[in-house]
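Contents: one structure, followed by commentary.
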Amino acid sequence: MPFHLGKPILVLAAVALVTGAAVSIRPEQQKADLTLWVFAESHYQIYRRLLPNFEAENHVKVNLNLLNARGETIRLGQLFMADLDNPELPDLAEMEISLVGRYFRPPVNEVGFLPLNGYVQENNYDERLVKQRLAPWSKEGVIFGMPHDVHPCTITYRHDLFTEAGIDLPAARTWPQFQDACVKFERYWRSKGFSTRHALEMSESSSENFQAMLLQRGINPIDMYGNVYVDSDPRVAQTLAFYGQLVAGPRKCTAQTSQGWGPFSKDVTDGNLCAFLTPDWRIIYIKQYGPTLAGKMRMMPLPVFDPSDAPTSTLGGTMMGITRKCKHPDLAWKLLQYLYYSKDAQAADPEILPPLKERWTDPFYHQPDPYFGGQKAQELFTQLAPMIPRRYVTPASGIANMALNEAVARAVRYVEEHGADAGLEPACRQWCAEIAEDLRARMKQWRIDS
């Protein structure tokens with residue numbers, strides 16, 4: 001009997017029937033027990049190598065997704081706001097330190113990440129970890145993420161060039177002494193015809209290094225309870241005034257490089273930049289892009305302003321958190337521990353100092369480093385790591401950063417126009433008061449009451 005819709009439709013129907021039958025008898029793919037979002041390509045590649053061991057030992061399947069950092073932040077925020085059992089919501093997510101603050105805007109019982117205090121206490125991580133490193137991922141004492149790193153800061157410098165100039169840089173224990181040494185360094189090289197040789201890398205428009213100095217002094221612009229310290233602590237204006245005359249004016253001994261590791265490595269290799277702040281992650285890139293500097297580099301703790309200041313600071317950071325909608329939080333916690341604190345994880349990425357102090361006994365952290373002329377550079381990181389300051393991140397941190405960027409720029413302009421006269425610090429106090437007033441008004445406006 002003829003098929004009344006025609007032969008083409010008959011053929012399509014037959015193909016559909018055959019395809020459907022094949023799909024129905026095909027073995028069903030294993031569904032993921034956990035889904036993890038990450039934003040860093042390096043972490044993604046490391047976890048790809050580590051996950052098969054975890055999956056085999058625990059008889060589970062983990063779905064690992066790499067997202068752009070800002071794309072991850074936006075998408076995760078949307079899913080948290082929807083408050084639905086959306087299958088797209090991951091069980092775990094890594095967050096970069098500058099982007100995590102937006103998730104702390106709701107009351108603590110409505111933050112999209114699961115509180116981890118119980119897990120931390122159960123595993124004694126408040127003692128085993130560098131405790132201060134829990135601060136960026138906490139709100140009002142509730143821990144929402146676990147630290148991947150510590151990122152203590154040192155100063156790395158061209159030992160060969162400072163030695164030739166007769167400067168013993170590590171002997172400069174305070175920031176004013178350090179500036180004196182850098183000014184002498186530049187004067188020496190200017191007399192030799194090196195007009196573009198600068199002692200220290202510092203920005204004239206970004207507040208990143210200025211805020212690293214504040215952290216040394218135990219000062220956060222905003223703490224985890226929303227208290228603003230930009231104007232209430234006089235050391236903020238004092239430090240801003242010092243920073244302004246460090247990067248501008250007659251005692252300027254700094255310069256900044258173009259964006260990217262290529263220009264930076266060329267400036268360091270050519271001797272245009274001779275000292276710079278270095279968290280551990282930055283050392284990886286310096287070695288990678290400046291191999292010809294092996295043996296010429298050295299490392300030292302940060303100078304301080306007062307004896308009570310920390311001889312280090314911290315720059316950058318990553319956490320991993322478990323979302324509240326995770327159906328298997330114990331399994332997720334087990335995965336988090338494996339990827340962050342296991343010996344396998346340490347062996348996969350040893351150059352990033354782990355926050356788990358018991359891992360620091362590994363010989364890797366105590367061997368001479370030829371790149372630093374035999375200095376035990378990694379050992380210095382282990383010595384400084386317990387002294388890192390607490391860094392707090394809040395929903396208003398991004399606004400505070402932009403305001404402090406402007407404050408640095410204003411201090412630079414003031415020094416260029418008026419010099420570092422007696423009016424600089426009062427001007428800095430006025431700018432700090434303006435910033436604090438604006439921050440408090442904004443935070444009051446967007447406050448979400450429980």
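By convention in this document, the chains of the structure tokens carry letters A, B, ... by their order, each chain's residues are numbered from 1, and ligands are numbered from 1 in the order they are shown.
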* **A:Leu50 environment, 12 Å, only C-alpha atoms, sequence neighbours closer than 6 positions dropped, as a list in words** => His43, Tyr44, Ala56, Glu57, Val62, Leu64, Leu335, Leu336, Tyr338, Leu339, Tyr340, Ser342, Lys343, Asp344, Ala345, Gln346, Ala347, Ala348 and Asp349 of chain A
Selection export as a short mmCIF file (atom, residue, chain, number, x, y, z; two decimals), in the first residue's frame, atoms kept: N, CA and C atoms:
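Wrote it out as selection-v1.cif, contents follow:
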```
data_model
loop_
_atom_site.label_atom_id
_atom_site.label_comp_id
_atom_site.auth_asym_id
_atom_site.auth_seq_id
_atom_site.Cartn_x
_atom_site.Cartn_y
_atom_site.Cartn_z
N HIS A 43 44.83 25.81 37.16
CA HIS A 43 44.13 24.92 38.09
C HIS A 43 43.37 23.84 37.34
N TYR A 44 42.75 24.22 36.25
CA TYR A 44 41.98 23.26 35.45
C TYR A 44 42.87 22.11 34.99
N ALA A 56 38.45 7.19 41.14
CA ALA A 56 38.65 5.75 41.29
C ALA A 56 38.56 5.33 42.75
N GLU A 57 39.15 6.13 43.64
CA GLU A 57 39.14 5.77 45.06
C GLU A 57 37.76 5.90 45.69
N VAL A 62 33.27 13.20 38.62
CA VAL A 62 33.33 14.65 38.86
C VAL A 62 33.35 15.35 37.51
N LEU A 64 34.27 18.62 35.67
CA LEU A 64 35.13 19.79 35.85
C LEU A 64 34.91 20.76 34.71
N LEU A 335 36.39 16.12 48.28
CA LEU A 335 37.05 16.53 47.05
C LEU A 335 37.86 17.81 47.27
N LEU A 336 37.29 18.77 47.97
CA LEU A 336 37.98 20.03 48.25
C LEU A 336 39.30 19.75 48.96
N TYR A 338 41.06 17.05 48.95
CA TYR A 338 42.01 16.35 48.09
C TYR A 338 42.69 17.31 47.11
N LEU A 339 41.91 18.18 46.49
CA LEU A 339 42.47 19.09 45.49
C LEU A 339 43.33 20.19 46.10
N TYR A 340 43.12 20.50 47.38
CA TYR A 340 43.85 21.61 48.00
C TYR A 340 44.96 21.16 48.97
N SER A 342 46.04 17.66 49.84
CA SER A 342 46.66 16.34 49.78
C SER A 342 48.10 16.44 49.30
N LYS A 343 48.87 15.38 49.53
CA LYS A 343 50.24 15.33 49.02
C LYS A 343 50.25 15.32 47.49
N ASP A 344 49.22 14.69 46.90
CA ASP A 344 49.13 14.69 45.44
C ASP A 344 49.00 16.11 44.91
N ALA A 345 48.17 16.92 45.57
CA ALA A 345 47.96 18.30 45.14
C ALA A 345 49.24 19.11 45.30
N GLN A 346 49.94 18.91 46.41
CA GLN A 346 51.18 19.63 46.63
C GLN A 346 52.22 19.28 45.57
N ALA A 347 52.33 17.99 45.26
CA ALA A 347 53.31 17.54 44.27
C ALA A 347 53.00 18.09 42.89
N ALA A 348 51.71 18.32 42.60
CA ALA A 348 51.31 18.81 41.28
C ALA A 348 51.59 20.30 41.11
N ASP A 349 51.70 21.05 42.22
CA ASP A 349 51.88 22.50 42.12
C ASP A 349 52.70 23.01 43.30
#
```
* Give the alpha helix (DSSP H) residues of stretch 259-371 of chain A, as DSSP finds them on the backbone, and put them as a ChimeraX atom specification. => /A:261-270,280-289,329-341,343-348
Using N, CA and C atoms, can you export the residues from the last selection as an mmCIF file, in the first residue's frame?
```
data_model
loop_
_atom_site.group_PDB
_atom_site.id
_atom_site.type_symbol
_atom_site.label_atom_id
_atom_site.label_comp_id
_atom_site.auth_asym_id
_atom_site.auth_seq_id
_atom_site.Cartn_x
_atom_site.Cartn_y
_atom_site.Cartn_z
ATOM 1 N N TRP A 261 53.627 40.259 30.891
ATOM 2 C CA TRP A 261 54.882 39.714 31.385
ATOM 3 C C TRP A 261 56.038 39.964 30.425
ATOM 4 N N GLY A 262 55.755 40.114 29.148
ATOM 5 C CA GLY A 262 56.820 40.391 28.199
ATOM 6 C C GLY A 262 57.537 41.696 28.500
ATOM 7 N N PRO A 263 56.807 42.840 28.537
ATOM 8 C CA PRO A 263 57.457 44.109 28.857
ATOM 9 C C PRO A 263 58.115 44.116 30.236
ATOM 10 N N PHE A 264 57.441 43.494 31.220
ATOM 11 C CA PHE A 264 58.012 43.463 32.570
ATOM 12 C C PHE A 264 59.342 42.717 32.578
ATOM 13 N N SER A 265 59.372 41.523 31.971
ATOM 14 C CA SER A 265 60.600 40.727 31.987
ATOM 15 C C SER A 265 61.729 41.440 31.243
ATOM 16 N N LYS A 266 61.386 42.162 30.175
ATOM 17 C CA LYS A 266 62.418 42.912 29.444
ATOM 18 C C LYS A 266 62.982 44.029 30.313
ATOM 19 N N ASP A 267 62.088 44.731 31.053
ATOM 20 C CA ASP A 267 62.558 45.810 31.929
ATOM 21 C C ASP A 267 63.476 45.266 33.019
ATOM 22 N N VAL A 268 63.123 44.097 33.563
ATOM 23 C CA VAL A 268 63.961 43.510 34.612
ATOM 24 C C VAL A 268 65.281 43.005 34.022
ATOM 25 N N THR A 269 65.205 42.335 32.887
ATOM 26 C CA THR A 269 66.412 41.807 32.244
ATOM 27 C C THR A 269 67.363 42.931 31.830
ATOM 28 N N ASP A 270 66.799 44.034 31.311
ATOM 29 C CA ASP A 270 67.616 45.168 30.880
ATOM 30 C C ASP A 270 68.097 46.030 32.044
ATOM 31 N N ASP A 280 54.441 34.517 45.896
ATOM 32 C CA ASP A 280 55.048 33.316 45.320
ATOM 33 C C ASP A 280 54.650 33.093 43.868
ATOM 34 N N TRP A 281 53.381 33.401 43.518
ATOM 35 C CA TRP A 281 52.947 33.163 42.147
ATOM 36 C C TRP A 281 53.703 34.028 41.141
ATOM 37 N N ARG A 282 54.179 35.179 41.571
ATOM 38 C CA ARG A 282 54.895 36.052 40.641
ATOM 39 C C ARG A 282 56.290 35.527 40.332
ATOM 40 N N ILE A 283 56.873 34.805 41.282
ATOM 41 C CA ILE A 283 58.193 34.221 41.071
ATOM 42 C C ILE A 283 58.162 33.228 39.911
ATOM 43 N N ILE A 284 57.051 32.498 39.795
ATOM 44 C CA ILE A 284 56.924 31.523 38.707
ATOM 45 C C ILE A 284 57.100 32.208 37.360
ATOM 46 N N TYR A 285 56.443 33.358 37.170
ATOM 47 C CA TYR A 285 56.510 34.070 35.896
ATOM 48 C C TYR A 285 57.870 34.738 35.690
ATOM 49 N N ILE A 286 58.461 35.236 36.773
ATOM 50 C CA ILE A 286 59.773 35.872 36.650
ATOM 51 C C ILE A 286 60.801 34.861 36.158
ATOM 52 N N LYS A 287 60.769 33.658 36.709
ATOM 53 C CA LYS A 287 61.693 32.609 36.260
ATOM 54 C C LYS A 287 61.407 32.193 34.819
ATOM 55 N N GLN A 288 60.128 32.114 34.502
ATOM 56 C CA GLN A 288 59.742 31.664 33.166
ATOM 57 C C GLN A 288 60.159 32.650 32.090
ATOM 58 N N TYR A 289 59.963 33.951 32.362
ATOM 59 C CA TYR A 289 60.224 34.966 31.340
ATOM 60 C C TYR A 289 61.606 35.610 31.461
ATOM 61 N N PRO A 329 27.278 17.252 50.304
ATOM 62 C CA PRO A 329 28.296 18.156 50.850
ATOM 63 C C PRO A 329 29.495 17.434 51.457
ATOM 64 N N ASP A 330 29.301 16.276 52.066
ATOM 65 C CA ASP A 330 30.435 15.552 52.642
ATOM 66 C C ASP A 330 31.388 15.085 51.547
ATOM 67 N N LEU A 331 30.820 14.616 50.444
ATOM 68 C CA LEU A 331 31.645 14.201 49.316
ATOM 69 C C LEU A 331 32.355 15.408 48.706
ATOM 70 N N ALA A 332 31.641 16.525 48.605
ATOM 71 C CA ALA A 332 32.245 17.756 48.078
ATOM 72 C C ALA A 332 33.402 18.219 48.968
ATOM 73 N N TRP A 333 33.206 18.127 50.274
ATOM 74 C CA TRP A 333 34.263 18.505 51.212
ATOM 75 C C TRP A 333 35.486 17.596 51.035
ATOM 76 N N LYS A 334 35.235 16.313 50.820
ATOM 77 C CA LYS A 334 36.325 15.367 50.602
ATOM 78 C C LYS A 334 37.106 15.730 49.342
ATOM 79 N N LEU A 335 36.394 16.124 48.283
ATOM 80 C CA LEU A 335 37.047 16.533 47.046
ATOM 81 C C LEU A 335 37.858 17.806 47.269
ATOM 82 N N LEU A 336 37.285 18.771 47.965
ATOM 83 C CA LEU A 336 37.985 20.029 48.249
ATOM 84 C C LEU A 336 39.302 19.754 48.960
ATOM 85 N N GLN A 337 39.267 18.917 49.979
ATOM 86 C CA GLN A 337 40.482 18.609 50.723
ATOM 87 C C GLN A 337 41.532 17.944 49.826
ATOM 88 N N TYR A 338 41.065 17.052 48.953
ATOM 89 C CA TYR A 338 42.010 16.349 48.088
ATOM 90 C C TYR A 338 42.687 17.308 47.109
ATOM 91 N N LEU A 339 41.915 18.180 46.494
ATOM 92 C CA LEU A 339 42.469 19.090 45.494
ATOM 93 C C LEU A 339 43.331 20.185 46.103
ATOM 94 N N TYR A 340 43.120 20.499 47.384
ATOM 95 C CA TYR A 340 43.852 21.608 48.003
ATOM 96 C C TYR A 340 44.955 21.159 48.966
ATOM 97 N N TYR A 341 44.725 20.106 49.734
ATOM 98 C CA TYR A 341 45.611 19.836 50.866
ATOM 99 C C TYR A 341 46.281 18.462 50.852
ATOM 100 N N LYS A 343 48.868 15.383 49.530
ATOM 101 C CA LYS A 343 50.235 15.328 49.019
ATOM 102 C C LYS A 343 50.247 15.316 47.493
ATOM 103 N N ASP A 344 49.225 14.685 46.901
ATOM 104 C CA ASP A 344 49.131 14.691 45.442
ATOM 105 C C ASP A 344 49.003 16.111 44.913
ATOM 106 N N ALA A 345 48.168 16.918 45.571
ATOM 107 C CA ALA A 345 47.961 18.299 45.142
ATOM 108 C C ALA A 345 49.237 19.114 45.302
ATOM 109 N N GLN A 346 49.937 18.909 46.406
ATOM 110 C CA GLN A 346 51.183 19.633 46.633
ATOM 111 C C GLN A 346 52.223 19.276 45.573
ATOM 112 N N ALA A 347 52.325 17.986 45.262
ATOM 113 C CA ALA A 347 53.311 17.545 44.275
ATOM 114 C C ALA A 347 52.997 18.091 42.889
ATOM 115 N N ALA A 348 51.708 18.320 42.601
ATOM 116 C CA ALA A 348 51.306 18.812 41.283
ATOM 117 C C ALA A 348 51.589 20.296 41.111
#
```
* Can you list, as a list in words, every residue of stretch 173-349 of chain A that DSSP puts in strand (DSSP E or B)? ->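 Residues meeting the strand (DSSP E or B) criterion: Thr174, His198, Leu200, Glu201, Ile222, Val228, Thr254, Ala255, Leu273, Ala275, Phe276, Leu277, Thr278, Pro279, Met297, Arg298, Met299, Met300, Val304, Thr314, Thr318, Met319, Met320, Gly321, Ile322 and Thr323 of chain A.
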* To do: Have a look at atom CA of A:Asn272 and atom CA of A:Met299 and let me know their distance in Å, one decimal.
  => 17.8 Å
* **Selection near A:Ile219, 10 Å with only C-alpha atoms, sequence-local residues under 2 positions removed, as a VMD selection string** => chain A and resid 211 to 217 221 to 223 229 to 230 233 235 to 236 389 to 392
